[in-house]
Every structure is written in structure tokens, then in C-alpha cells.
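Shown here: model-v8.txt, compact mmCIF, C-alpha atoms.
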# COMPACT_ATOMS: atom_id res chain seq x y z
CA MET M 1 115.17 123.88 101.21
CA SER M 2 115.87 120.95 98.97
CA ALA M 3 118.42 118.81 97.20
CA CYS M 4 120.93 119.23 100.06
CA GLN M 5 120.86 123.00 99.76
CA GLU M 6 120.08 125.37 102.60
CA PHE M 7 118.66 128.84 102.09
CA TRP M 8 117.49 131.46 104.57
CA ILE M 9 114.91 134.14 103.83
CA VAL M 10 115.36 137.36 105.80
CA ALA M 11 113.85 140.83 105.71
CA GLY M 12 114.59 144.31 106.99
CA GLY M 13 112.39 147.39 107.16
CA CYS M 14 113.04 150.34 104.85
CA SER M 15 112.51 154.07 105.45
CA ARG M 16 109.07 155.40 104.52
CA GLY M 17 108.16 158.66 102.91
CA GLN M 18 110.68 158.22 100.15
CA ARG M 19 110.19 157.91 96.42
CA ALA M 20 109.95 154.38 95.07
CA ASP M 21 113.39 154.59 93.48
CA SER M 22 114.90 155.66 96.82
CA SER M 23 113.38 152.63 98.50
CA GLU M 24 114.88 150.36 95.84
CA MET M 25 118.26 152.02 96.34
CA GLU M 26 118.03 151.36 100.08
CA LYS M 27 117.27 147.69 99.42
CA GLY M 28 120.19 147.57 97.02
CA GLY M 29 122.44 148.99 99.70
CA LEU M 30 121.37 146.32 102.19
CA LEU M 31 122.00 143.62 99.59
CA ALA M 32 125.47 145.00 98.88
CA GLU M 33 126.31 144.88 102.59
CA LEU M 34 125.09 141.28 102.85
CA LYS M 35 127.25 140.31 99.87
CA HIS M 36 130.33 141.49 101.73
CA SER M 37 129.97 138.59 104.19
CA SER M 38 131.68 135.41 103.01
CA ALA M 39 129.52 133.41 105.45
CA LEU M 40 126.43 134.25 103.36
CA SER M 41 127.85 133.61 99.90
CA ALA M 42 127.21 129.89 99.25
CA HIS M 43 125.57 129.09 95.88
CA GLY M 44 126.41 132.60 94.67
CA GLY M 45 124.09 134.39 97.14
CA PRO M 46 122.77 136.54 98.67
CA TRP M 47 119.98 137.62 96.31
CA MET M 48 117.07 139.99 96.42
CA PHE M 49 113.77 138.25 97.20
CA ASN M 50 111.31 140.50 95.39
CA VAL M 51 108.27 140.18 97.62
CA PRO M 52 105.71 142.74 96.44
CA ASP M 53 105.53 145.80 98.71
CA GLY M 54 104.71 149.50 98.40
CA GLU M 55 102.03 150.33 95.87
CA ARG M 56 102.27 146.86 94.29
CA SER M 57 101.91 145.02 97.58
CA LEU M 58 99.71 142.03 98.33
CA LEU M 59 96.13 142.43 99.53
CA PHE M 60 95.15 141.27 102.98
CA GLY M 61 92.15 143.32 104.18
CA SER M 62 92.26 144.08 107.89
CA PHE M 63 94.97 143.57 110.49
CA ASP M 64 92.79 140.85 112.01
CA ASN M 65 93.23 138.99 108.75
CA LEU M 66 97.00 139.37 109.07
CA ILE M 67 96.92 137.73 112.50
CA ARG M 68 94.89 134.82 111.12
CA LEU M 69 97.20 134.55 108.14
CA THR M 70 100.26 134.06 110.34
CA ASP M 71 98.75 130.78 111.60
CA ASP M 72 97.29 129.73 108.23
CA LEU M 73 100.54 130.37 106.40
CA ALA M 74 102.62 128.55 109.02
CA LYS M 75 100.40 125.47 108.65
CA ALA M 76 100.47 125.67 104.85
CA ASP M 77 104.24 126.12 104.90
CA SER M 78 104.71 122.97 106.98
CA GLN M 79 102.29 120.96 104.84
CA VAL M 80 103.87 121.94 101.53
CA ASP M 81 107.34 121.40 103.03
CA SER M 82 106.36 117.75 103.68
CA ILE M 83 104.89 117.32 100.21
CA VAL M 84 107.92 118.82 98.45
CA HIS M 85 110.36 116.60 100.31
CA ARG M 86 108.19 113.49 99.88
CA LEU M 87 107.98 114.12 96.13
CA GLU M 88 111.72 114.68 96.01
CA ARG M 89 112.49 111.51 97.96
CA GLN M 90 110.20 109.35 95.84
CA PHE M 91 111.51 110.97 92.64
CA LEU M 92 115.08 110.08 93.60
CA GLU M 93 114.02 106.55 94.56
CA LEU M 94 112.72 106.12 91.02
CA ASP M 95 115.77 107.73 89.45
CA ALA M 96 118.84 108.23 91.64
CA LYS M 97 120.37 110.44 88.95
CA ALA M 98 117.31 112.66 88.58
CA ASP M 99 118.13 116.32 87.99
CA LEU M 100 115.68 118.43 89.98
CA LYS M 101 114.69 121.47 87.95
CA VAL M 102 112.16 124.21 88.59
CA LYS M 103 109.94 124.97 85.60
CA SER M 104 108.26 128.34 85.96
CA GLN M 105 107.12 131.04 83.58
CA ARG M 106 108.38 129.04 80.56
CA LEU M 107 111.88 128.67 81.99
CA GLU M 108 113.59 125.59 83.41
CA ARG M 109 116.26 126.31 86.02
CA SER M 110 118.06 124.83 88.98
CA LEU M 111 116.60 125.71 92.38
CA ALA M 112 119.41 128.20 93.06
CA ASP M 113 118.90 129.92 89.69
CA TYR M 114 115.15 130.03 90.25
CA LEU M 115 115.59 131.70 93.63
CA ARG M 116 118.21 134.08 92.23
CA THR M 117 115.76 135.43 89.64
CA TRP M 118 112.51 134.87 91.54
CA GLN M 119 109.54 137.11 90.78
CA TRP M 120 105.97 136.91 91.99
CA ASP M 121 103.94 134.86 89.48
CA GLU M 122 101.12 137.23 88.66
CA ALA M 123 99.52 134.77 86.24
CA LYS M 124 99.12 132.05 88.87
CA TYR M 125 98.56 134.24 91.91
CA PRO M 126 97.23 137.63 90.78
CA LYS M 127 97.70 140.41 93.32
CA THR M 128 94.12 141.48 92.67
CA ARG M 129 93.13 138.50 94.83
CA SER M 130 93.73 138.56 98.56
CA ILE M 131 96.50 136.54 100.17
CA SER M 132 93.89 134.29 101.72
CA GLU M 133 92.28 133.56 98.33
CA ASN M 134 95.62 132.87 96.69
CA LEU M 135 96.61 130.60 99.56
CA THR M 136 93.38 128.59 99.23
CA LEU M 137 93.95 128.15 95.50
CA LEU M 138 97.60 127.29 95.99
CA MET M 139 96.90 124.60 98.61
CA SER M 140 94.17 123.09 96.45
CA VAL M 141 96.63 122.72 93.54
CA VAL M 142 99.43 121.29 95.71
CA ASN M 143 97.13 118.75 97.39
CA LYS M 144 95.90 117.60 93.97
CA LEU M 145 99.49 117.20 92.81
CA ASP M 146 100.26 115.13 95.89
CA GLU M 147 97.16 112.96 95.44
CA GLU M 148 97.88 112.38 91.74
CA ALA M 149 101.47 111.41 92.52
CA ARG M 150 100.29 108.93 95.16
CA ASN M 151 97.72 107.38 92.81
CA LYS M 152 100.12 107.03 89.90
CA THR M 153 102.79 105.56 92.17
CA ALA M 154 100.31 102.99 93.49
CA GLN M 155 99.37 102.08 89.92
CA TYR M 156 103.03 101.76 88.96
CA ASN M 157 103.76 99.57 91.99
CA GLU M 158 100.81 97.35 91.09
CA PHE M 159 102.27 96.75 87.62
CA LYS M 160 105.68 96.04 89.19
CA THR M 161 104.06 93.49 91.51
CA GLN M 162 102.34 91.78 88.57
CA LYS M 163 105.64 91.73 86.71
CA GLY M 164 107.38 90.24 89.75
CA ASN M 165 104.72 87.54 90.09
CA LEU M 166 105.18 86.49 86.46
CA ALA M 167 108.94 86.99 86.35
CA LYS M 168 111.35 84.12 85.89
CA LYS M 169 113.05 82.94 89.06
CA ASP M 170 116.34 82.17 87.34
CA GLY M 171 118.40 82.13 90.52
CA ALA M 172 116.16 79.69 92.39
CA ASN M 173 116.57 75.94 92.56
CA LEU M 174 114.18 73.51 90.88
CA THR M 175 111.93 73.21 93.94
CA ASN M 176 111.09 76.94 93.81
CA ARG M 177 111.02 77.59 90.09
CA ASP M 178 107.92 77.66 87.95
CA LEU M 179 108.21 74.63 85.65
CA VAL M 180 106.85 76.66 82.76
CA ASP M 181 110.27 78.39 82.75
CA VAL M 182 112.13 75.09 83.01
CA LEU M 183 110.22 72.83 80.65
CA THR M 184 110.24 75.14 77.65
CA PRO M 185 109.60 74.17 73.99
CA ASP M 186 113.35 73.96 73.32
CA VAL M 187 113.70 71.41 76.19
CA VAL M 188 110.56 69.29 75.88
CA LYS M 189 110.26 66.73 73.11
CA LYS M 190 106.80 66.95 71.57
CA SER M 191 106.21 65.48 68.14
CA GLY M 192 102.92 63.65 68.64
CA GLU M 193 104.69 60.30 68.94
CA SER M 194 104.60 57.74 71.74
CA ASP M 195 108.05 58.74 72.98
CA ASP M 196 107.10 62.37 73.67
CA ASP M 197 108.25 63.73 77.02
CA PHE M 198 104.66 64.52 78.00
CA ILE M 199 101.88 62.07 77.25
CA MET M 200 98.44 63.53 77.83
CA THR M 201 95.33 61.59 76.77
CA ASP M 202 91.89 60.88 78.17
CA TYR M 203 93.38 58.09 80.29
CA LEU M 204 97.10 58.87 80.61
CA THR M 205 98.92 61.75 82.24
CA THR M 206 102.54 62.73 82.93
CA VAL M 207 103.79 63.75 86.38
CA PRO M 208 107.07 65.72 86.78
CA ILE M 209 109.10 64.80 89.89
CA ILE M 210 112.07 66.61 91.41
CA LEU M 211 114.54 64.24 93.01
CA PRO M 212 117.08 65.35 95.62
CA ARG M 213 120.76 64.62 95.01
CA GLY M 214 121.67 60.94 95.46
CA THR M 215 118.11 59.53 95.34
CA GLU M 216 117.83 58.69 91.65
CA GLN M 217 118.73 54.98 91.92
CA GLU M 218 116.39 54.42 94.85
CA PHE M 219 113.58 56.13 92.93
CA LEU M 220 114.15 54.10 89.76
CA THR M 221 113.92 50.82 91.63
CA SER M 222 110.67 51.64 93.41
CA TYR M 223 108.52 54.23 91.54
CA GLU M 224 106.50 51.61 89.61
CA SER M 225 105.11 50.35 92.93
CA PHE M 226 103.95 53.77 94.17
CA ALA M 227 100.47 53.25 92.68
CA GLU M 228 98.52 51.03 90.33
CA ASN M 229 98.73 51.57 86.60
CA VAL M 230 102.14 53.26 86.48
CA VAL M 231 103.56 52.73 82.99
CA PRO M 232 106.63 50.50 83.42
CA MET M 233 109.99 52.03 82.56
CA SER M 234 108.35 55.41 81.88
CA ALA M 235 110.67 57.35 84.22
CA ARG M 236 112.76 59.73 82.14
CA LYS M 237 115.23 62.40 83.20
CA PHE M 238 115.28 65.85 81.61
CA LYS M 239 118.98 66.22 80.94
CA GLY M 240 120.91 69.40 81.58
CA LEU M 241 118.37 70.79 84.07
CA ASP M 242 120.02 69.82 87.38
CA ASP M 243 120.26 72.80 89.72
CA LYS M 244 123.26 73.90 91.79
CA GLU M 245 122.06 71.78 94.73
CA GLY M 246 122.04 68.63 92.63
CA ASN M 247 118.25 68.30 92.33
CA SER M 248 117.19 66.64 89.07
CA LEU M 249 113.94 66.71 87.12
CA TRP M 250 112.20 63.55 85.92
CA ARG M 251 108.84 62.51 84.52
CA VAL M 252 106.65 59.42 84.94
CA VAL M 253 103.65 58.37 82.80
CA LEU M 254 100.65 56.76 84.48
CA PHE M 255 96.88 56.47 84.39
CA ARG M 256 95.06 59.64 85.44
CA SER M 257 93.10 57.63 88.03
CA SER M 258 96.37 56.79 89.81
CA ALA M 259 97.94 60.25 89.77
CA GLU M 260 96.93 61.38 93.27
CA ALA M 261 98.01 58.10 94.90
CA PHE M 262 101.34 58.31 93.07
CA LYS M 263 101.94 61.92 94.24
CA LYS M 264 101.09 60.96 97.83
CA GLN M 265 103.71 58.19 97.79
CA CYS M 266 106.24 60.64 96.34
CA ARG M 267 105.58 63.08 99.20
CA GLU M 268 106.00 60.35 101.80
CA ARG M 269 109.42 59.51 100.30
CA ARG M 270 110.35 63.22 100.08
CA TYR M 271 110.26 63.35 96.32
CA LEU M 272 108.58 66.49 95.00
CA ALA M 273 105.82 65.67 92.52
CA ARG M 274 104.71 68.86 90.78
CA ASP M 275 101.28 69.70 89.36
CA PHE M 276 102.12 70.70 85.81
CA GLU M 277 100.72 70.15 82.34
CA TYR M 278 103.02 71.06 79.50
CA SER M 279 101.56 73.41 76.89
CA GLU M 280 103.56 75.10 74.18
CA GLU M 281 100.70 77.55 73.66
CA GLY M 282 100.60 78.26 77.39
CA TYR M 283 104.33 79.02 77.38
CA LYS M 284 103.97 81.38 74.41
CA LYS M 285 101.03 83.12 76.11
CA LEU M 286 103.02 83.60 79.32
CA LYS M 287 105.98 84.93 77.36
CA THR M 288 103.71 87.44 75.64
CA GLN M 289 102.20 88.48 78.99
CA ARG M 290 105.66 89.07 80.40
CA GLU M 291 106.71 91.15 77.43
CA GLN M 292 103.52 93.22 77.65
CA LEU M 293 103.98 93.76 81.40
CA GLU M 294 107.64 94.66 80.87
CA GLU M 295 106.59 97.31 78.36
CA MET M 296 103.77 98.52 80.60
CA VAL M 297 106.10 98.86 83.59
CA ARG M 298 108.62 100.75 81.46
CA ARG M 299 105.94 103.13 80.19
CA GLN M 300 104.50 103.61 83.67
CA HIS M 301 108.00 104.28 85.02
CA ASP M 302 108.58 106.99 82.39
CA LEU M 303 105.13 108.42 83.10
CA VAL M 304 105.69 108.53 86.86
CA ILE M 305 109.16 110.05 86.40
CA GLY M 306 107.65 112.84 84.29
CA LEU M 307 104.85 113.31 86.80
CA TYR M 308 107.22 113.61 89.75
CA SER M 309 109.44 116.03 87.87
CA ALA M 310 106.48 118.31 87.14
CA ALA M 311 104.83 117.85 90.55
CA TRP M 312 108.04 118.61 92.45
CA SER M 313 108.59 121.72 90.35
CA ASP M 314 105.03 123.01 90.80
CA ALA M 315 105.09 122.26 94.53
CA MET M 316 108.42 124.05 94.91
CA VAL M 317 107.07 127.12 93.09
CA ALA M 318 104.03 127.09 95.38
CA TRP M 319 106.25 126.69 98.46
CA VAL M 320 108.39 129.69 97.56
CA HIS M 321 105.25 131.79 97.07
CA ILE M 322 104.06 130.72 100.53
CA LYS M 323 107.43 131.89 101.86
CA ALA M 324 106.89 135.23 100.11
CA MET M 325 103.41 135.55 101.64
CA ARG M 326 104.84 134.83 105.11
CA VAL M 327 107.58 137.41 104.64
CA PHE M 328 105.00 139.99 103.58
CA VAL M 329 102.57 139.28 106.44
CA GLU M 330 105.23 139.17 109.13
CA SER M 331 107.01 142.25 107.76
CA VAL M 332 103.79 144.28 107.79
CA LEU M 333 103.10 143.17 111.36
CA ARG M 334 106.65 144.03 112.41
CA PHE M 335 107.43 147.14 110.37
CA GLY M 336 103.93 148.58 109.93
CA MET M 337 102.07 150.18 107.04
CA PRO M 338 102.49 151.03 104.25
CA PRO M 339 104.49 147.90 103.39
CA CYS M 340 108.10 148.93 102.87
CA PHE M 341 110.80 146.34 103.45
CA GLY M 342 113.62 144.54 101.73
CA ALA M 343 113.62 140.73 101.61
CA PHE M 344 116.65 138.64 100.75
CA ILE M 345 117.65 135.02 100.20
CA VAL M 346 120.97 134.05 101.72
CA ALA M 347 122.84 130.76 101.46
CA PRO M 348 124.97 130.24 104.57
CA LYS M 349 128.18 128.32 104.08
CA SER M 350 128.42 124.94 105.72
CA GLY M 351 129.65 125.19 109.29
CA ALA M 352 129.38 129.00 109.31
CA THR M 353 125.96 129.37 110.92
CA ALA M 354 127.16 131.57 113.78
CA ALA M 355 129.10 133.86 111.43
CA ALA M 356 126.09 134.07 109.09
CA ARG M 357 123.75 135.08 111.92
CA LYS M 358 126.22 137.72 113.09
CA ALA M 359 126.48 139.15 109.57
CA LEU M 360 122.70 139.36 109.32
CA ALA M 361 122.44 141.02 112.73
CA ASP M 362 125.13 143.56 111.82
CA THR M 363 123.40 144.50 108.57
CA LEU M 364 119.67 144.10 109.21
CA GLY M 365 119.69 144.63 112.97
CA LYS M 366 120.42 148.33 112.69
CA ALA M 367 117.78 150.38 114.47
CA GLY M 368 115.70 147.24 115.10
CA GLN M 369 115.37 146.45 111.41
CA ALA M 370 115.84 142.67 111.69
CA GLY M 371 112.93 140.83 110.12
CA PRO M 372 111.53 137.33 109.70
Show me this structure written as C-alpha cells.
Amino acid sequence: MSACQEFWIVAGGCSRGQRADSSEMEKGGLLAELKHSSALSAHGGPWMFNVPDGERSLLFGSFDNLIRLTDDLAKADSQVDSIVHRLERQFLELDAKADLKVKSQRLERSLADYLRTWQWDEAKYPKTRSISENLTLLMSVVNKLDEEARNKTAQYNEFKTQKGNLAKKDGANLTNRDLVDVLTPDVVKKSGESDDDFIMTDYLTTVPIILPRGTEQEFLTSYESFAENVVPMSARKFKGLDDKEGNSLWRVVLFRSSAEAFKKQCRERRYLARDFEYSEEGYKKLKTQREQLEEMVRRQHDLVIGLYSAAWSDAMVAWVHIKAMRVFVESVLRFGMPPCFGAFIVAPKSGATAAARKALADTLGKAGQAGP
């Protein structure tokens, strides 16, 4: 069923006309015979699968309804199967070490323990309602769980995308990095004096330029002629910022009116002039945004993890109840009325499929008793 575990649900008809306790004894006898087969004993099985029958059986109305239910339940089974496994896969993608637990009737158990002690959940699916009504309610709940999981995952991914867009690109070279992460307050000299790294006035501006390895001398001898009104000897290197490819970061001060012409000449000479205005407040604001997004992503991650844990559990509980409904419907169609059958969960050992089927045939195939 899930989490790399395989379980089979089987059923066999029981003799009618007996007292209720005799029927239970017959089921117990079948279970004891199944337990004798080592091929059926993985995960501590087999176990009784207590599908309501006899006087406490499920309601279905007419036999025509049973025929319709075989199709409806098969479709529901397949749909919930897909939802359970999708929730499981996405849960494990979020947390590879996630421990899948089934939470039902105030207990939290592993899937195997849940199946071992499974009982019909009368509170969720009262037997006073028909199988068809319970199935409609069940599918409505599971589809809402699936939709909520999809919506929350989309919201979480949106926050992750925003975080990625604002994240530092520490491993990239200067040409690909956001200069706000390079020219930080601890790097840039800004004291309000004329020798500040960035001069920004009504008439003057500062242009950062990234120079490829080996081009510094050529740049220094020619940059003043790239445009009119370039401040002489204003080229200054930001020390300690060279990347692993040898690119270096410089700045030049010039009149604002000459900035575009200067950048054009840089491009023609394959120097990378960047559009950037240094702002200590802007850096602090970005840092705060990143911290807020980091916290938001963490909270969303925890929220989605909790959601998937609960959704997977609820979907699994619903899926097992669909299995119980299928066993009931198909057993009534095969063994007749009143409902009297024994259902069991077996866990075949890996590589022992043939031996497991033979053991089931030997035990439940007596007098045509083999069931779904």
C-alpha cells in the first residue's frame, strides 16, 4: 500500500445459520491457518480485517445498488490510491526523513500497526448511513485534502521563489552577482567627504565597471576619453573583491549627462558598466526582506510538513475504509446474504508471491470460499 510495504486484503465465506460466536470462531480458525504459512507473515501478519458483517453489517439497499457500487468503489479506490501516493511522495520530498504515521481515533500508529488493529470508524462513517452516502462523504473529504495540499504547496513554492530571487549569489562571479551584495557598507567608504567611493549629486554620478583579467592598464590609460566630463583620475579599484576568474571591480566619477555615452564606450570595449546606485539604507532594507522571507519560508515549510502529515494520514484512513467497503460489496455478491464472511490482511514476503497465493488458495479456496 505505502511506504514500500505491500499488503493483500482477502476474504472467505463463512457458514450461515450459526450463532454469532460460532461465526467468529470460524474466522479465528481461518486466521490461525493463514498464520501457519511463512509466506504470509511479513510485518507480523496476517491479521483479521474486521469488515462489518452479520447483524452489524453495512447498508446498501438493493442488489442493483451493489452492482453500481462495484464500479463506484473501484473508481474511488483508484482515485484515492493516486492521492495517497502523491501526498506521500511530496511529503518525502519536503522531508526525506519523514515518519509516516496514521492518526485515527486518537491514536498515532505506523501503517502496519494501524492495519493490525483496524476497526470501522463509526464516528466518521456511521453504519446508519448507506455505503453510497458514506462513499460520497469520504470522497468529498479526500478531494478537499488534496486541493488544500496543492494550494499550500503552491504558496510555499511561491515564497521559495521569492527567496531565491532575493538570495545572495555567493558562488557566482562579479558579472552575475547583484552589486548590492558586493558593495556592502563594510566595503564602501562613505563619510560625506569628497573622497567617498560613491559620489552622487545633482550633477555627478558614479559608475561601477567590471574589468576582465589583464585589462586594467588599458582601461586606466583610456577611460577619461570615453565621454565628455569624466572626472580625471577618478578611477578607483575596490580592493579584495576580485573573483576567481580574475575580474575586478572599479568605479569612475563623471557628469550625469555623460553617463550613457560612457557606458556605451565601455560596452564596445567589453568592459561591463553596471547600473547601480549605492545606498546603505537600501542594503539594510534588502537584508531585512531576506530575513523576513527566510523566516516566512521556514514557517511555511513547517506548516506544509504538518499539513502533509495530517492529509496523508486522513487519506490513508479513508482509503482503508474504501477497501473495507469493496470487500463487503464483493463478498455479498460472491457469498450471498446475509453477509457472513471473514476478511484478512496478509503481508506476503518479498519474492514469495507464488507461495503466498498457494497458501491462500489452500486455506480460503476450500469449497469455493476464496474471496476478493
TODO: Find the spatial neighbours of M:Arg213, counting all atoms listed in the file, within a cut-off of 8 Å - ignore same-chain residues fewer than 3 positions away - and output them as a ChimeraX atom specification.
DONE: /M:216,245-248
Please provide as a tab-separated table (two decimals) with C-alpha atoms, in the frame of the given file all residues within 8 Å of stretch 74-76 of chain M, with the sequence filter that same-chain residues fewer than 4 positions apart are discarded (counting all atoms listed in the file).
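File produced: result-v3.tsv:
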chain	number	residue	atom	x	y	z
M	70	THR	CA	100.26	134.06	110.34
M	80	VAL	CA	103.87	121.94	101.53
M	139	MET	CA	96.90	124.60	98.61
M	322	ILE	CA	104.06	130.72	100.53
M	326	ARG	CA	104.84	134.83	105.11
Output as JSON lines one row per residue of stretch 64-141 of chain M within 10 Å of stretch 42-53 of chain M: the closest atom pair and its distance in Å to one decimal place, counting all atoms listed in the file, sorted by chain and residue number ascending.
{"residue": "M:Ala112", "atom": "CA", "partner": "M:His43", "partner_atom": "CA", "distance": 6.8}
{"residue": "M:Asp113", "atom": "CA", "partner": "M:His43", "partner_atom": "CA", "distance": 9.1}
{"residue": "M:Leu115", "atom": "CA", "partner": "M:Phe49", "partner_atom": "CA", "distance": 7.7}
{"residue": "M:Arg116", "atom": "CA", "partner": "M:Trp47", "partner_atom": "CA", "distance": 5.7}
{"residue": "M:Thr117", "atom": "CA", "partner": "M:Trp47", "partner_atom": "CA", "distance": 8.2}
{"residue": "M:Trp118", "atom": "CA", "partner": "M:Phe49", "partner_atom": "CA", "distance": 6.7}
{"residue": "M:Gln119", "atom": "CA", "partner": "M:Asn50", "partner_atom": "CA", "distance": 6.0}
{"residue": "M:Trp120", "atom": "CA", "partner": "M:Val51", "partner_atom": "CA", "distance": 6.9}
{"residue": "M:Lys127", "atom": "CA", "partner": "M:Pro52", "partner_atom": "CA", "distance": 8.9}
What would the file look like if the residues just selected were written as a compact mmCIF listing (two decimals), in the frame of the given file with C-alpha atoms?
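Output saved as out.txt:
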# COMPACT_ATOMS: atom_id res chain seq x y z
CA ALA M 112 119.41 128.20 93.06
CA ASP M 113 118.90 129.92 89.69
CA LEU M 115 115.59 131.70 93.63
CA ARG M 116 118.21 134.08 92.23
CA THR M 117 115.76 135.43 89.64
CA TRP M 118 112.51 134.87 91.54
CA GLN M 119 109.54 137.11 90.78
CA TRP M 120 105.97 136.91 91.99
CA LYS M 127 97.70 140.41 93.32
Task: Counting all atoms listed in the file, the option among M:Arg56, M:Gly13, M:Glu268, M:Trp319 closest to M:Ile83 - done: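 Comparing M:Arg56, M:Gly13, M:Glu268, M:Trp319 against M:Ile83, the winner is M:Trp319.
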TODO: Could you check which of M:Val182, M:Cys340, M:Ala318, M:Leu87 is closest to M:Glu147, using only C-alpha atoms?
DONE: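 Selected residue with least distance to M:Glu147: M:Leu87.
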- [ ] Find, counting all atoms listed in the file, the residue in M:Val327, M:Ala354, M:Val332, M:Val180 that gets nearest to M:Gly54.
- [x]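 Between M:Val327, M:Ala354, M:Val332, M:Val180, the residue approaching M:Gly54 most closely is M:Val332.
Closest to M:Leu94 among M:Ile305, M:Val320, M:Val329, M:Val230 is M:Ile305, based on only C-alpha atoms.
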- [ ] Could you give me, as a list in words, the residues within 7 Å of M:Tyr271, counting all atoms listed in the file and dropping anything in the same chain fewer than 4 positions from it?
- [x] Ile209, Ile210, Leu211, Cys266 and Arg267 of chain M
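Nearest-residue note for M:Thr201: choosing from M:Leu254, M:Val102, M:Leu183, M:Ala154, the minimum distance belongs to M:Leu254, counting all atoms listed in the file.
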For stretch 43-51 of chain M, where the input has fewer atoms than it should, I would like all heavy atoms rebuilt and written as a short mmCIF file (atom, residue, chain, number, x, y, z; two decimals), in the coordinates of the input.
data_model
loop_
_atom_site.label_atom_id
_atom_site.label_comp_id
_atom_site.auth_asym_id
_atom_site.auth_seq_id
_atom_site.Cartn_x
_atom_site.Cartn_y
_atom_site.Cartn_z
N HIS M 43 126.44 129.15 97.07
CA HIS M 43 125.57 129.09 95.88
C HIS M 43 125.46 130.43 95.17
O HIS M 43 124.47 130.68 94.46
CB HIS M 43 124.16 128.59 96.25
CG HIS M 43 124.15 127.31 97.01
ND1 HIS M 43 124.64 126.13 96.50
CD2 HIS M 43 123.72 127.02 98.28
CE1 HIS M 43 124.51 125.17 97.41
NE2 HIS M 43 123.98 125.68 98.49
N GLY M 44 126.43 131.31 95.37
CA GLY M 44 126.41 132.60 94.67
C GLY M 44 125.54 133.65 95.29
O GLY M 44 125.33 134.72 94.70
N GLY M 45 124.96 133.40 96.49
CA GLY M 45 124.09 134.39 97.14
C GLY M 45 124.90 135.49 97.79
O GLY M 45 126.12 135.51 97.70
N PRO M 46 124.23 136.40 98.50
CA PRO M 46 122.77 136.54 98.67
C PRO M 46 122.11 137.15 97.43
O PRO M 46 122.76 137.73 96.58
CB PRO M 46 122.65 137.50 99.87
CG PRO M 46 124.01 137.57 100.48
CD PRO M 46 124.97 137.34 99.36
N TRP M 47 120.76 137.07 97.41
CA TRP M 47 119.98 137.62 96.31
C TRP M 47 118.79 138.40 96.88
O TRP M 47 118.32 138.13 97.97
CB TRP M 47 119.45 136.52 95.39
CG TRP M 47 120.49 135.52 95.01
CD1 TRP M 47 121.66 135.75 94.34
CD2 TRP M 47 120.45 134.10 95.27
NE1 TRP M 47 122.36 134.58 94.17
CE2 TRP M 47 121.65 133.55 94.72
CE3 TRP M 47 119.55 133.25 95.88
CZ2 TRP M 47 121.95 132.20 94.79
CZ3 TRP M 47 119.84 131.90 95.96
CH2 TRP M 47 121.02 131.38 95.41
N MET M 48 118.30 139.31 96.07
CA MET M 48 117.07 139.99 96.42
C MET M 48 115.90 139.02 96.29
O MET M 48 115.84 138.21 95.37
CB MET M 48 116.85 141.17 95.47
CG MET M 48 115.77 142.14 95.89
SD MET M 48 116.33 143.27 97.19
CE MET M 48 117.39 144.36 96.25
N PHE M 49 115.00 139.06 97.25
CA PHE M 49 113.77 138.25 97.20
C PHE M 49 112.63 139.24 97.01
O PHE M 49 112.18 139.89 97.95
CB PHE M 49 113.61 137.46 98.50
CG PHE M 49 112.50 136.45 98.48
CD1 PHE M 49 112.28 135.64 97.38
CD2 PHE M 49 111.68 136.28 99.60
CE1 PHE M 49 111.26 134.69 97.38
CE2 PHE M 49 110.66 135.34 99.61
CZ PHE M 49 110.46 134.54 98.50
N ASN M 50 112.20 139.39 95.77
CA ASN M 50 111.31 140.50 95.39
C ASN M 50 109.86 140.28 95.81
O ASN M 50 108.97 140.10 94.97
CB ASN M 50 111.40 140.74 93.88
CG ASN M 50 112.73 141.32 93.47
OD1 ASN M 50 113.14 142.37 93.98
ND2 ASN M 50 113.43 140.64 92.57
N VAL M 51 109.64 140.28 97.10
CA VAL M 51 108.27 140.18 97.62
C VAL M 51 107.57 141.52 97.36
O VAL M 51 108.12 142.58 97.68
CB VAL M 51 108.28 139.88 99.13
CG1 VAL M 51 106.86 139.81 99.67
CG2 VAL M 51 109.04 138.59 99.41
#
